[in-house]
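Visitor: Have a peek at model.tsv (TSV, C-alpha atoms).
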```
chain	number	residue	atom	x	y	z
A	978	MET	CA	69.01	66.68	-33.98
A	979	SER	CA	66.84	65.87	-37.02
A	980	ASN	CA	69.78	66.47	-39.37
A	981	VAL	CA	71.95	63.79	-37.70
A	982	LEU	CA	71.84	60.27	-39.12
A	983	GLY	CA	74.11	58.74	-36.48
A	984	LEU	CA	77.76	57.69	-36.22
A	985	ILE	CA	79.43	56.09	-39.23
A	986	CYS	CA	82.68	54.29	-39.97
A	987	ASP	CA	84.25	55.74	-43.12
A	988	GLN	CA	86.15	52.50	-43.76
A	989	CYS	CA	83.45	49.82	-43.66
A	990	GLY	CA	80.32	51.98	-43.68
A	991	ARG	CA	78.90	50.58	-40.45
A	992	LYS	CA	76.35	52.91	-38.83
A	993	ILE	CA	75.78	53.20	-35.10
A	994	ASP	CA	73.02	55.07	-33.28
A	995	GLU	CA	74.20	57.87	-31.04
A	996	GLU	CA	72.47	56.20	-28.11
A	997	ASN	CA	74.99	53.37	-28.47
A	998	PHE	CA	77.89	55.83	-28.31
A	999	GLN	CA	81.42	54.60	-28.82
A	1000	LEU	CA	84.60	56.18	-30.11
A	1001	LYS	CA	85.63	53.59	-32.68
A	1002	CYS	CA	84.07	51.14	-35.09
A	1003	PRO	CA	83.72	47.74	-33.40
A	1004	ASP	CA	84.72	46.04	-36.67
A	1005	CYS	CA	87.54	48.23	-38.02
A	1006	GLY	CA	88.80	50.08	-34.98
A	1007	ILE	CA	88.56	53.33	-36.97
A	1008	THR	CA	87.41	56.54	-35.28
A	1009	LEU	CA	83.73	57.12	-36.02
A	1010	ARG	CA	82.29	60.24	-37.64
A	1011	VAL	CA	78.95	61.98	-37.12
A	1012	GLN	CA	76.90	61.62	-40.31
A	1013	TYR	CA	74.40	64.27	-41.42
A	1014	ASP	CA	71.57	64.58	-43.94
A	1015	LEU	CA	73.20	67.04	-46.37
A	1016	ASP	CA	69.89	68.04	-47.96
A	1017	LYS	CA	68.61	69.16	-44.58
A	1018	LEU	CA	71.90	70.89	-43.78
A	1019	LYS	CA	71.67	72.81	-47.04
A	1020	ARG	CA	68.10	73.88	-46.30
A	1021	ASP	CA	69.10	75.22	-42.90
A	1022	TYR	CA	72.30	76.85	-44.16
A	1023	LEU	CA	70.47	78.75	-46.91
A	1024	SER	CA	67.45	79.68	-44.80
A	1025	PRO	CA	66.73	83.45	-44.89
A	1026	GLY	CA	67.76	85.68	-42.03
A	1027	ASP	CA	71.08	86.14	-40.28
A	1028	HIS	CA	70.68	84.64	-36.83
A	1029	LEU	CA	74.36	83.99	-36.11
A	1030	CYS	CA	74.60	86.30	-33.12
A	1031	SER	CA	73.82	84.29	-29.98
A	1032	GLY	CA	77.41	84.28	-28.70
A	1033	SER	CA	77.91	80.51	-29.04
A	1034	PHE	CA	78.29	78.34	-32.10
A	1035	LEU	CA	76.42	75.62	-30.18
A	1036	ARG	CA	73.25	77.71	-30.51
A	1037	ASP	CA	73.94	79.33	-33.87
A	1038	TYR	CA	74.80	76.02	-35.54
A	1039	LEU	CA	72.37	73.90	-33.53
A	1040	ASN	CA	71.00	72.20	-36.67
A	1041	PHE	CA	74.54	71.38	-37.82
A	1042	LEU	CA	75.59	69.63	-34.64
A	1043	PRO	CA	74.51	66.39	-32.88
A	1044	ILE	CA	72.64	68.11	-30.05
A	1045	SER	CA	69.49	66.39	-28.82
A	1046	ARG	CA	68.93	68.45	-25.67
A	1047	PRO	CA	69.49	72.13	-26.56
A	1048	GLU	CA	68.19	73.18	-23.16
A	1049	LEU	CA	71.56	72.04	-21.77
A	1050	ILE	CA	73.54	74.58	-23.82
A	1051	ASP	CA	73.23	77.30	-21.18
A	1052	GLN	CA	74.64	74.88	-18.59
A	1053	VAL	CA	77.73	74.35	-20.76
A	1054	SER	CA	78.35	77.44	-22.87
A	1055	LEU	CA	81.13	79.94	-22.21
A	1056	ASN	CA	80.38	81.86	-25.45
A	1057	GLU	CA	82.62	79.68	-27.62
A	1058	GLY	CA	83.09	79.78	-31.36
A	1059	GLN	CA	82.04	82.51	-33.81
A	1060	THR	CA	85.64	83.73	-33.72
A	1061	PRO	CA	86.65	86.84	-35.70
A	1062	LEU	CA	88.11	86.78	-39.20
A	1063	ILE	CA	90.37	89.81	-38.99
A	1064	PRO	CA	91.68	91.42	-42.20
A	1065	SER	CA	95.40	92.08	-42.34
A	1066	ILE	CA	96.34	95.74	-42.75
A	1067	ARG	CA	100.13	95.78	-43.12
A	1068	LEU	CA	101.43	92.24	-43.51
A	1069	LYS	CA	99.32	91.53	-46.59
A	1070	LYS	CA	101.16	94.34	-48.41
A	1071	GLU	CA	104.56	93.13	-47.24
A	1072	LEU	CA	103.76	89.57	-48.36
A	1073	GLY	CA	102.09	90.55	-51.64
A	1074	ILE	CA	98.69	89.02	-50.80
A	1075	GLU	CA	95.60	90.87	-51.98
A	1076	ASP	CA	93.28	89.71	-49.18
A	1077	LEU	CA	94.85	88.13	-46.08
A	1078	ARG	CA	92.59	87.23	-43.14
A	1079	PHE	CA	93.38	85.87	-39.68
A	1080	LYS	CA	90.85	83.37	-38.27
A	1081	MET	CA	91.26	84.05	-34.57
A	1082	GLU	CA	90.70	80.66	-32.97
A	1083	SER	CA	92.88	82.00	-30.14
A	1084	HIS	CA	89.84	84.01	-29.01
A	1085	GLY	CA	88.06	81.07	-27.36
A	1086	PRO	CA	87.03	81.29	-23.69
A	1087	THR	CA	90.25	79.52	-22.61
A	1088	LEU	CA	92.32	81.26	-25.30
A	1089	SER	CA	92.68	78.40	-27.78
A	1090	LEU	CA	90.90	76.55	-30.57
A	1091	LYS	CA	90.18	73.63	-28.23
A	1092	ASP	CA	87.00	75.23	-26.88
A	1093	ARG	CA	84.90	74.25	-29.90
A	1094	GLY	CA	85.43	70.54	-29.45
A	1095	THR	CA	85.38	70.48	-25.66
A	1096	SER	CA	82.16	72.48	-25.37
A	1097	LEU	CA	80.30	69.93	-27.49
A	1098	CYS	CA	81.98	67.03	-25.66
A	1099	ALA	CA	80.80	68.43	-22.31
A	1100	LEU	CA	77.27	68.80	-23.69
A	1101	LYS	CA	77.23	65.24	-25.05
A	1102	ALA	CA	78.57	63.92	-21.75
A	1103	LEU	CA	75.57	65.47	-20.00
A	1104	GLU	CA	73.18	64.10	-22.63
A	1105	LEU	CA	74.60	60.59	-22.34
A	1106	GLY	CA	74.76	60.52	-18.55
A	1107	TYR	CA	78.52	60.73	-17.90
A	1108	ASP	CA	79.88	62.52	-14.84
A	1109	THR	CA	83.58	62.79	-15.75
A	1110	LEU	CA	85.45	64.25	-18.72
A	1111	CYS	CA	88.90	62.87	-19.53
A	1112	VAL	CA	91.76	63.75	-21.88
A	1113	ALA	CA	95.51	63.48	-22.38
A	1114	SER	CA	96.84	66.83	-23.53
A	1115	SER	CA	99.91	68.94	-24.18
A	1116	GLY	CA	98.23	71.81	-22.33
A	1117	ASN	CA	95.49	73.80	-24.03
A	1118	ASN	CA	93.05	70.92	-24.38
A	1119	ALA	CA	93.51	69.98	-20.73
A	1120	ALA	CA	92.70	73.56	-19.70
A	1121	SER	CA	89.67	73.65	-21.97
A	1122	ILE	CA	88.32	70.29	-20.73
A	1123	SER	CA	88.80	71.44	-17.15
A	1124	ALA	CA	87.00	74.73	-17.75
A	1125	TYR	CA	84.00	73.13	-19.44
A	1126	ALA	CA	83.77	70.43	-16.80
A	1127	ALA	CA	83.67	73.13	-14.13
A	1128	ARG	CA	81.02	75.03	-16.08
A	1129	ALA	CA	78.85	71.95	-16.63
A	1130	GLY	CA	79.18	70.63	-13.07
A	1131	LEU	CA	81.22	67.60	-14.19
A	1132	LYS	CA	84.49	66.18	-12.92
A	1133	ALA	CA	87.63	66.29	-15.05
A	1134	VAL	CA	90.63	63.96	-15.09
A	1135	VAL	CA	93.41	65.28	-17.31
A	1136	PHE	CA	96.78	63.70	-18.11
A	1137	ILE	CA	99.71	65.91	-19.07
A	1138	GLN	CA	103.29	65.17	-20.07
A	1139	ARG	CA	106.18	65.65	-17.67
A	1140	ASP	CA	107.82	68.54	-19.55
A	1141	LEU	CA	104.92	70.98	-19.78
A	1142	SER	CA	105.41	74.70	-19.33
A	1143	THR	CA	104.64	76.11	-15.89
A	1144	ALA	CA	102.33	78.71	-17.43
A	1145	LYS	CA	100.08	76.03	-18.92
A	1146	ILE	CA	100.12	73.90	-15.75
A	1147	PHE	CA	98.92	76.86	-13.68
A	1148	LYS	CA	96.30	77.64	-16.31
A	1149	ILE	CA	94.94	74.08	-16.06
A	1150	MET	CA	95.00	74.10	-12.25
A	1151	ALA	CA	92.87	77.25	-12.16
A	1152	TYR	CA	89.85	75.23	-13.33
A	1153	GLY	CA	90.17	72.63	-10.56
A	1154	PRO	CA	90.55	69.28	-12.36
A	1155	GLN	CA	92.20	66.11	-11.12
A	1156	LEU	CA	95.54	66.70	-12.82
A	1157	VAL	CA	97.86	63.77	-13.50
A	1158	LYS	CA	101.40	64.77	-14.53
A	1159	VAL	CA	102.83	61.62	-16.11
A	1160	ASP	CA	106.50	60.64	-16.06
A	1161	GLY	CA	106.86	60.67	-19.86
A	1162	ASP	CA	105.92	62.50	-23.04
A	1163	MET	CA	102.52	62.86	-24.72
A	1164	SER	CA	102.57	59.32	-26.11
A	1165	ILE	CA	102.97	57.94	-22.57
A	1166	ALA	CA	100.27	60.25	-21.20
A	1167	SER	CA	97.92	59.18	-24.01
A	1168	ARG	CA	98.58	55.48	-23.37
A	1169	LEU	CA	97.86	55.84	-19.67
A	1170	CYS	CA	94.70	57.80	-20.45
A	1171	ARG	CA	93.46	55.01	-22.74
A	1172	GLU	CA	94.16	52.40	-20.07
A	1173	MET	CA	92.20	54.36	-17.50
A	1174	LEU	CA	89.32	54.88	-19.93
A	1175	ALA	CA	89.11	51.12	-20.39
A	1176	LYS	CA	88.53	50.70	-16.65
A	1177	HIS	CA	86.37	53.72	-15.83
A	1178	ARG	CA	83.22	55.20	-17.35
A	1179	TRP	CA	84.72	58.54	-18.29
A	1180	PHE	CA	83.90	60.58	-21.39
A	1181	GLU	CA	86.89	60.79	-23.75
A	1182	CYS	CA	87.33	64.34	-25.09
A	1183	GLY	CA	90.57	63.86	-27.01
A	1184	GLY	CA	91.50	63.03	-30.57
A	1185	PRO	CA	89.28	59.94	-31.09
A	1186	SER	CA	86.05	61.72	-30.14
A	1187	PRO	CA	83.65	62.09	-33.09
A	1188	TYR	CA	82.09	65.07	-31.30
A	1189	ARG	CA	85.36	66.96	-31.07
A	1190	PHE	CA	85.86	66.36	-34.81
A	1191	THR	CA	82.37	67.42	-35.85
A	1192	ALA	CA	82.46	70.59	-33.74
A	1193	LYS	CA	85.75	71.76	-35.24
A	1194	ARG	CA	84.43	71.43	-38.80
A	1195	ILE	CA	82.21	74.45	-38.09
A	1196	VAL	CA	85.33	76.62	-38.61
A	1197	ALA	CA	84.83	76.08	-42.36
A	1198	TYR	CA	81.17	77.13	-42.11
A	1199	GLU	CA	82.11	80.29	-40.25
A	1200	VAL	CA	84.86	81.24	-42.68
A	1201	VAL	CA	82.53	80.89	-45.68
A	1202	LYS	CA	79.86	82.99	-43.94
A	1203	GLN	CA	82.43	85.62	-42.99
A	1204	LEU	CA	83.71	85.78	-46.59
A	1205	GLY	CA	80.22	86.43	-47.91
A	1206	GLY	CA	79.44	82.90	-49.08
A	1207	LYS	CA	82.72	81.95	-50.73
A	1208	ALA	CA	85.68	79.78	-49.76
A	1209	PRO	CA	89.19	81.23	-49.53
A	1210	ASP	CA	91.72	80.27	-52.17
A	1211	VAL	CA	94.18	79.02	-49.57
A	1212	MET	CA	93.82	78.23	-45.86
A	1213	PHE	CA	96.68	77.48	-43.45
A	1214	VAL	CA	95.99	75.17	-40.48
A	1215	PRO	CA	98.39	73.94	-37.76
A	1216	VAL	CA	98.70	70.15	-37.43
A	1217	GLY	CA	99.37	68.28	-34.19
A	1218	GLY	CA	97.11	65.27	-33.95
A	1219	GLY	CA	95.62	66.22	-37.32
A	1220	THR	CA	92.00	66.54	-36.17
A	1221	GLY	CA	91.80	70.27	-36.84
A	1222	MET	CA	92.85	70.06	-40.46
A	1223	ALA	CA	90.83	66.92	-41.15
A	1224	SER	CA	87.69	68.43	-39.64
A	1225	VAL	CA	88.01	71.73	-41.48
A	1226	TYR	CA	88.39	69.78	-44.71
A	1227	CYS	CA	85.24	67.83	-43.84
A	1228	GLY	CA	83.38	71.11	-43.36
A	1229	PHE	CA	84.46	72.46	-46.75
A	1230	LEU	CA	83.53	69.15	-48.40
A	1231	GLU	CA	80.02	69.38	-46.94
A	1232	LEU	CA	79.65	72.96	-48.16
A	1233	ARG	CA	80.80	71.97	-51.64
A	1234	ASP	CA	78.50	68.95	-51.75
A	1235	MET	CA	75.60	71.18	-50.68
A	1236	GLY	CA	76.41	73.53	-53.54
A	1237	VAL	CA	77.21	76.42	-51.20
A	1238	ILE	CA	80.78	76.78	-52.54
A	1239	SER	CA	82.00	75.78	-55.99
A	1240	SER	CA	85.52	74.68	-55.08
A	1241	LEU	CA	87.69	73.71	-52.12
A	1242	PRO	CA	90.47	75.91	-50.74
A	1243	ARG	CA	94.01	74.62	-50.88
A	1244	LEU	CA	94.60	73.41	-47.33
A	1245	ILE	CA	98.14	73.79	-46.06
A	1246	GLY	CA	99.04	72.02	-42.82
A	1247	VAL	CA	101.89	73.15	-40.59
A	1248	GLN	CA	104.04	71.26	-38.08
A	1249	PHE	CA	107.16	72.05	-36.08
A	1250	ALA	CA	110.34	70.57	-37.53
A	1251	ALA	CA	111.05	69.22	-34.02
A	1252	CYS	CA	108.25	66.67	-34.51
A	1253	ALA	CA	106.76	66.54	-37.99
A	1254	PRO	CA	105.60	63.01	-38.89
A	1255	VAL	CA	102.80	64.20	-41.20
A	1256	ALA	CA	105.03	66.68	-43.03
A	1257	ARG	CA	107.59	63.91	-43.43
A	1258	ALA	CA	105.01	61.56	-44.95
A	1259	TYR	CA	103.95	64.31	-47.37
A	1260	GLU	CA	107.55	64.98	-48.43
A	1261	ILE	CA	108.33	61.33	-49.21
A	1262	HIS	CA	104.91	60.60	-50.78
A	1263	ALA	CA	104.10	58.01	-48.12
A	1264	ASN	CA	100.65	56.71	-47.22
A	1265	VAL	CA	101.64	55.75	-43.69
A	1266	ILE	CA	102.51	58.10	-40.84
A	1267	GLU	CA	105.64	56.78	-39.14
A	1268	PRO	CA	106.53	58.03	-35.63
A	1269	VAL	CA	109.51	60.38	-35.52
A	1270	GLU	CA	111.91	61.31	-32.75
A	1271	LYS	CA	110.71	64.35	-30.83
A	1272	LYS	CA	113.40	67.03	-30.47
A	1273	PRO	CA	113.56	70.08	-28.17
A	1274	CYS	CA	111.21	72.82	-29.33
A	1275	VAL	CA	110.07	76.31	-28.42
A	1276	SER	CA	106.52	74.94	-28.19
A	1277	ASP	CA	104.96	72.19	-26.07
A	1278	ALA	CA	101.99	71.97	-28.45
A	1279	LEU	CA	101.64	70.27	-31.88
A	1280	LEU	CA	104.44	67.82	-30.99
A	1281	ASN	CA	102.65	64.54	-31.60
A	1282	ARG	CA	104.76	61.54	-32.61
A	1283	THR	CA	101.70	59.41	-33.46
A	1284	PRO	CA	98.96	61.78	-34.68
A	1285	ILE	CA	95.61	60.03	-34.51
A	1286	ALA	CA	94.23	61.90	-37.54
A	1287	GLY	CA	97.53	62.26	-39.36
A	1288	LEU	CA	96.39	60.27	-42.39
A	1289	GLN	CA	93.18	62.29	-42.63
A	1290	ALA	CA	95.20	65.52	-42.53
A	1291	LEU	CA	97.50	64.14	-45.23
A	1292	THR	CA	94.47	63.26	-47.36
A	1293	ALA	CA	93.01	66.73	-46.85
A	1294	ALA	CA	96.21	68.33	-48.09
A	1295	ARG	CA	96.57	66.09	-51.12
A	1296	GLU	CA	92.93	66.13	-52.24
A	1297	SER	CA	92.62	69.90	-51.88
A	1298	GLY	CA	95.82	70.58	-53.81
A	1299	GLY	CA	97.58	71.75	-50.66
A	1300	GLN	CA	100.55	70.43	-48.73
A	1301	ILE	CA	102.03	69.78	-45.28
A	1302	LEU	CA	105.24	71.58	-44.33
A	1303	SER	CA	107.30	72.22	-41.22
A	1304	ILE	CA	108.66	75.36	-39.58
A	1305	THR	CA	111.60	75.99	-37.27
A	1306	ASP	CA	111.62	77.52	-33.81
A	1307	ASP	CA	113.19	80.70	-35.18
A	1308	GLU	CA	110.49	81.01	-37.83
A	1309	SER	CA	107.84	80.68	-35.14
A	1310	ILE	CA	109.43	83.30	-32.90
A	1311	ASP	CA	109.76	85.68	-35.83
A	1312	ALA	CA	106.08	85.15	-36.60
A	1313	ILE	CA	105.10	85.98	-33.00
A	1314	ARG	CA	107.03	89.23	-33.14
A	1315	GLN	CA	105.71	90.24	-36.55
A	1316	LEU	CA	102.07	89.54	-35.76
A	1317	GLY	CA	102.41	91.51	-32.55
A	1318	SER	CA	104.31	94.52	-33.86
A	1319	ARG	CA	102.67	94.74	-37.30
A	1320	GLU	CA	99.07	93.67	-36.65
A	1321	GLY	CA	98.55	93.89	-32.87
A	1322	LEU	CA	97.97	90.13	-32.51
A	1323	PHE	CA	99.65	88.16	-29.72
A	1324	LEU	CA	100.06	84.40	-30.26
A	1325	GLU	CA	101.92	81.52	-28.65
A	1326	PRO	CA	104.42	79.56	-30.82
A	1327	ALA	CA	101.95	76.89	-31.96
A	1328	GLY	CA	99.24	79.52	-32.32
A	1329	CYS	CA	101.17	81.39	-35.00
A	1330	ALA	CA	102.59	78.33	-36.80
A	1331	ALA	CA	100.22	78.87	-39.71
A	1332	PHE	CA	101.50	82.40	-40.27
A	1333	ALA	CA	105.12	81.27	-40.10
A	1334	ALA	CA	104.36	78.79	-42.88
A	1335	LEU	CA	102.50	81.41	-44.89
A	1336	LYS	CA	105.55	83.67	-44.78
A	1337	LYS	CA	107.73	80.77	-45.88
A	1338	LEU	CA	105.63	79.98	-48.95
A	1339	ALA	CA	105.06	83.63	-49.83
A	1340	SER	CA	108.82	84.26	-49.87
A	1341	LYS	CA	109.17	81.44	-52.41
A	1342	GLY	CA	106.42	82.84	-54.61
A	1343	GLU	CA	104.20	79.82	-53.98
A	1344	LEU	CA	101.10	81.87	-53.17
A	1345	LYS	CA	100.95	83.78	-56.44
A	1346	GLY	CA	97.46	83.73	-57.89
A	1347	ALA	CA	95.85	83.27	-54.48
A	1348	LYS	CA	93.58	86.25	-53.95
A	1349	THR	CA	92.05	85.37	-50.57
A	1350	VAL	CA	94.21	83.61	-47.97
A	1351	VAL	CA	93.04	82.63	-44.49
A	1352	CYS	CA	95.57	81.98	-41.74
A	1353	THR	CA	94.28	80.07	-38.70
A	1354	LEU	CA	95.75	81.43	-35.46
A	1355	THR	CA	95.02	78.98	-32.67
A	1356	GLY	CA	96.56	79.82	-29.29
A	1357	HIS	CA	96.84	83.17	-27.50
A	1358	GLY	CA	100.24	84.48	-26.48
A	1359	LEU	CA	99.20	84.47	-22.82
A	1360	ASN	CA	99.47	80.67	-22.92
A	1361	ALA	CA	103.26	81.05	-23.28
A	1362	PRO	CA	104.03	84.74	-22.73
A	1363	SER	CA	107.82	84.48	-22.53
A	1364	SER	CA	108.44	82.11	-25.43
A	1365	ALA	CA	109.48	84.75	-27.98
A	1366	PHE	CA	111.60	86.90	-25.68
A	1367	SER	CA	114.69	86.42	-23.53
A	1368	THR	CA	115.30	87.93	-20.10
A	1369	ASN	CA	118.13	90.08	-21.42
A	1370	GLU	CA	115.57	91.92	-23.56
A	1371	SER	CA	113.79	93.22	-20.47
A	1372	PRO	CA	113.82	97.04	-20.47
A	1373	GLU	CA	116.27	98.86	-18.26
A	1374	VAL	CA	115.08	101.02	-15.38
A	1375	VAL	CA	114.87	104.73	-16.23
A	1376	SER	CA	115.10	107.53	-13.68
A	1377	ALA	CA	111.73	109.12	-12.93
A	1378	ASP	CA	112.32	112.51	-14.51
A	1379	VAL	CA	111.55	114.03	-17.91
A	1380	ALA	CA	115.16	114.56	-18.93
A	1381	SER	CA	116.05	110.91	-18.32
A	1382	VAL	CA	113.00	109.70	-20.25
A	1383	GLU	CA	113.80	112.00	-23.19
A	1384	ALA	CA	117.40	110.76	-23.21
A	1385	TYR	CA	116.22	107.13	-23.09
A	1386	LEU	CA	113.82	107.74	-25.98
A	1387	LYS	CA	116.52	109.67	-27.86
A	1388	LEU	CA	114.28	112.72	-28.10
A	1389	GLN	CA	117.10	115.17	-27.38
```
Represent the structure from my file as structure tokens, please.

Guide:
Amino acid sequence: MSNVLGLICDQCGRKIDEENFQLKCPDCGITLRVQYDLDKLKRDYLSPGDHLCSGSFLRDYLNFLPISRPELIDQVSLNEGQTPLIPSIRLKKELGIEDLRFKMESHGPTLSLKDRGTSLCALKALELGYDTLCVASSGNNAASISAYAARAGLKAVVFIQRDLSTAKIFKIMAYGPQLVKVDGDMSIASRLCREMLAKHRWFECGGPSPYRFTAKRIVAYEVVKQLGGKAPDVMFVPVGGGTGMASVYCGFLELRDMGVISSLPRLIGVQFAACAPVARAYEIHANVIEPVEKKPCVSDALLNRTPIAGLQALTAARESGGQILSITDDESIDAIRQLGSREGLFLEPAGCAAFAALKKLASKGELKGAKTVVCTLTGHGLNAPSSAFSTNESPEVVSADVASVEAYLKLQ
């Protein structure tokens, strides 16, 4: 806790003690950020000995997170974070990339990247005396909040949109929250969640939470450690609300300012064409994120008409020399199949969005000169197991004898 200076507003500079916790600056209305003493962070980061093996990033990065009661970690932890950085074997050759790595954020306890932010939110809720976690979510965050609430002995109230896949609804229900299925899309669910938060003392675990943001920045720390102390040349990150990309950028900025890395990676954000307000702003050189019409999509994740950290994600792309682009449903489905059949990795549509974008840019020759490329894979295929396949692709029944099997396999 000694490395934390408090909460700060990046717009007006107002500082607020953690004990006076709030989501937004009382003057500007801007989401607050956890501020750290970078000199102390650098000292801890460069301290001798490799102790990153506890099974949870909450313990391993204790001095890099706003945790004042570490004894509560065991009450919360499900062994989150410290996700693998898997080298590509085949696809890197096909795409002409010297060193392609997959950051497997789909390996969290509830099979998505959400577990980093929600684990810290649950811990802070305990520290600050809350008894209920709350979020509006397109699926994975609701499941993660519910799981960590159950683990920590807290209640969970989660709001989901009307048109959410059955697989994700059942996944959320397994953790026993109070589940509110709203008659509307994510923007309606989010509005209702905000209205309920104004009336009830619940702990917000969604986009505006400074703790969710600060936990997710640890992805950058892990990647640099896993690459032997260097940053990748390019890193692809999916963009829904924008918090993931903005927080990863924040992590790389801290590492650069500490002198750990000499330069920032090009950060490339990815959205679905069905709902791509940040990609649209990037394309037209705008400094405002305008809501767009949400169209039907193979995914029920990343589709955020009013991304709360959209501007921060846009800034991250521009200041790192990266970009924001969109992908189609077909490109996502193709990515699922290729990652599965070529690398043995199973992702949901939003989970493999970064790889779909990587393929798109590689085919245009826009990754030439990039030696090390990291692709963030964020949601396991078991979250949406049927999204890339149709029922008519189901295998036919084969008679239970050797001759029939050999004929089916064309071995005769």

Visitor: For Ala1124 (chain A), list every protein, DNA or RNA residue within 12 Å, evaluated using all atoms listed in the file, and leave out those in the same chain fewer than 6 positions away; present the list as a VMD selection string.

Guide: chain A and resid 1053 to 1055 1057 1085 to 1088 1091 to 1092 1095 to 1096 1099 1110 1117 to 1118 1130 to 1135 1148 to 1154

Visitor: Take the point (113.8, 69.5, -28.6) as written in the file and pick out every residue within 12 Å of it, counting all atoms listed in the file; give the list as a ChimeraX atom specification.

Guide: /A:1140,1162,1249-1252,1270-1277,1280,1305-1306

Visitor: Which one is closest to Leu1169 (chain A): A:Phe1041, A:Phe1323, A:Phe1332, A:Phe1136? Count all atoms listed in the file.

Guide: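 Closest to Leu1169 (chain A), using all atoms listed in the file: A:Phe1136.
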
Visitor: As an exercise, work out the distance from CA of Gly1298 (chain A) to CA of Val1211 (chain A) in Å and give it to one decimal place.

Guide: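 Atom-to-atom, CA of Gly1298 (chain A) to CA of Val1211 (chain A), that is 9.6 Å.
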
Visitor: Of the residues A:Ile1285, A:Val1216, A:Val1379, A:Leu1232, which is the one nearest to Ser1167 (chain A), using only C-alpha atoms?

Guide: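 Looking only at the distances to Ser1167 (chain A), the closest residue turns out to be A:Ile1285.
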
Visitor: Residues within 12 Å of (74.2, 62.6, -21.6), file coordinates, counting only C-alpha atoms: what are they? Give the list as a list in words.

Guide: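 Every residue inside that radius is included here: Glu995, Glu996, Asn997, Phe998, Pro1043, Ile1044, Ser1045, Arg1046, Pro1047, Leu1049, Leu1097, Cys1098, Ala1099, Leu1100, Lys1101, Ala1102, Leu1103, Glu1104, Leu1105, Gly1106, Tyr1107, Asp1108, Thr1109, Leu1110, Ala1129, Leu1131, Trp1179 and Phe1180 of chain A.
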
Visitor: Tell me, in Å to one decimal, how far CA of Arg1319 (chain A) is from CA of Pro1064 (chain A).

Guide: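 Between CA of Arg1319 (chain A) and CA of Pro1064 (chain A) the gap is 12.5 Å.
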
Visitor: Nearest to His1357 (chain A): which of A:Ile1238, A:Leu1324, A:Ile1146, A:Leu1291 is it, counting only C-alpha atoms?

Guide: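 Once distances to His1357 (chain A) are computed over only C-alpha atoms, the minimum belongs to A:Leu1324.
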
Visitor: Write out as a list in words each polymer residue whose atoms come within 8 Å of Gly1161 (chain A), counting only C-alpha atoms; drop sequence neighbours fewer than 4 positions from it.

Guide: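 In the requested format, the answer is Gln1138, Arg1139, Asp1140, Ile1165 and Ala1166 of chain A.
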
Visitor: Would you mind listing what lies within 8 Å of region 1003-1008 of chain A as an MDAnalysis selection string, with all atoms listed in the file counted and same-chain residues fewer than 6 positions away left out?

Guide: chainID A and resid 986:989 1185:1187

Visitor: By how many Å are CA of Leu1338 (chain A) and CA of Asp1076 (chain A) apart?

Guide: 15.7 Å

Visitor: Which neighbours of Arg1194 (chain A) fall inside 6 Å, counting only C-alpha atoms, when residues of the same chain fewer than 2 positions from it are skipped, and could you give them as a ChimeraX atom specification?

Guide: /A:1191-1192,1196-1197,1224-1225,1228

Visitor: Given 4 Å of margin on each side, can you work out the centre and size in Å (one decimal) of an axis-aligned box holding every listed atom of region 1346-1361 of chain A, as JSON?

Guide:
```
{"center_x": 97.7, "center_y": 82.6, "center_z": -40.4, "size_x": 19.2, "size_y": 15.3, "size_z": 43.1}
```

Visitor: So, with all atoms listed in the file as the atoms that count, which of A:His1084, A:Arg1168, A:Arg1093, A:Lys1019 lies closest to Arg1189 (chain A)?

Guide: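 Going through A:His1084, A:Arg1168, A:Arg1093, A:Lys1019 one by one, the smallest distance to Arg1189 (chain A) is for A:Arg1093.
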
Visitor: Could you complete region 1233-1238 of chain A so that it carries N, CA, C and O atoms, and give it back as a PDB file, in the frame of the given file?

Guide:
```pdb
ATOM      1  N   ARG A1233      80.731  72.182 -50.189  1.00  0.00           N
ATOM      2  CA  ARG A1233      80.800  71.970 -51.640  1.00  0.00           C
ATOM      3  C   ARG A1233      79.703  71.014 -52.104  1.00  0.00           C
ATOM      4  O   ARG A1233      79.027  71.268 -53.115  1.00  0.00           O
ATOM      5  N   ASP A1234      79.512  69.929 -51.367  1.00  0.00           N
ATOM      6  CA  ASP A1234      78.500  68.950 -51.750  1.00  0.00           C
ATOM      7  C   ASP A1234      77.086  69.505 -51.639  1.00  0.00           C
ATOM      8  O   ASP A1234      76.172  69.037 -52.323  1.00  0.00           O
ATOM      9  N   MET A1235      76.901  70.513 -50.787  1.00  0.00           N
ATOM     10  CA  MET A1235      75.600  71.180 -50.680  1.00  0.00           C
ATOM     11  C   MET A1235      75.406  72.226 -51.769  1.00  0.00           C
ATOM     12  O   MET A1235      74.332  72.788 -51.910  1.00  0.00           O
ATOM     13  N   GLY A1236      76.491  72.521 -52.500  1.00  0.00           N
ATOM     14  CA  GLY A1236      76.410  73.530 -53.540  1.00  0.00           C
ATOM     15  C   GLY A1236      76.580  74.951 -53.032  1.00  0.00           C
ATOM     16  O   GLY A1236      76.345  75.915 -53.761  1.00  0.00           O
ATOM     17  N   VAL A1237      77.005  75.097 -51.782  1.00  0.00           N
ATOM     18  CA  VAL A1237      77.210  76.420 -51.200  1.00  0.00           C
ATOM     19  C   VAL A1237      78.466  77.072 -51.773  1.00  0.00           C
ATOM     20  O   VAL A1237      78.499  78.272 -52.067  1.00  0.00           O
ATOM     21  N   ILE A1238      79.549  76.288 -51.920  1.00  0.00           N
ATOM     22  CA  ILE A1238      80.780  76.780 -52.540  1.00  0.00           C
ATOM     23  C   ILE A1238      81.062  75.916 -53.775  1.00  0.00           C
ATOM     24  O   ILE A1238      80.640  74.765 -53.856  1.00  0.00           O
TER      25      ILE A1238
END
```
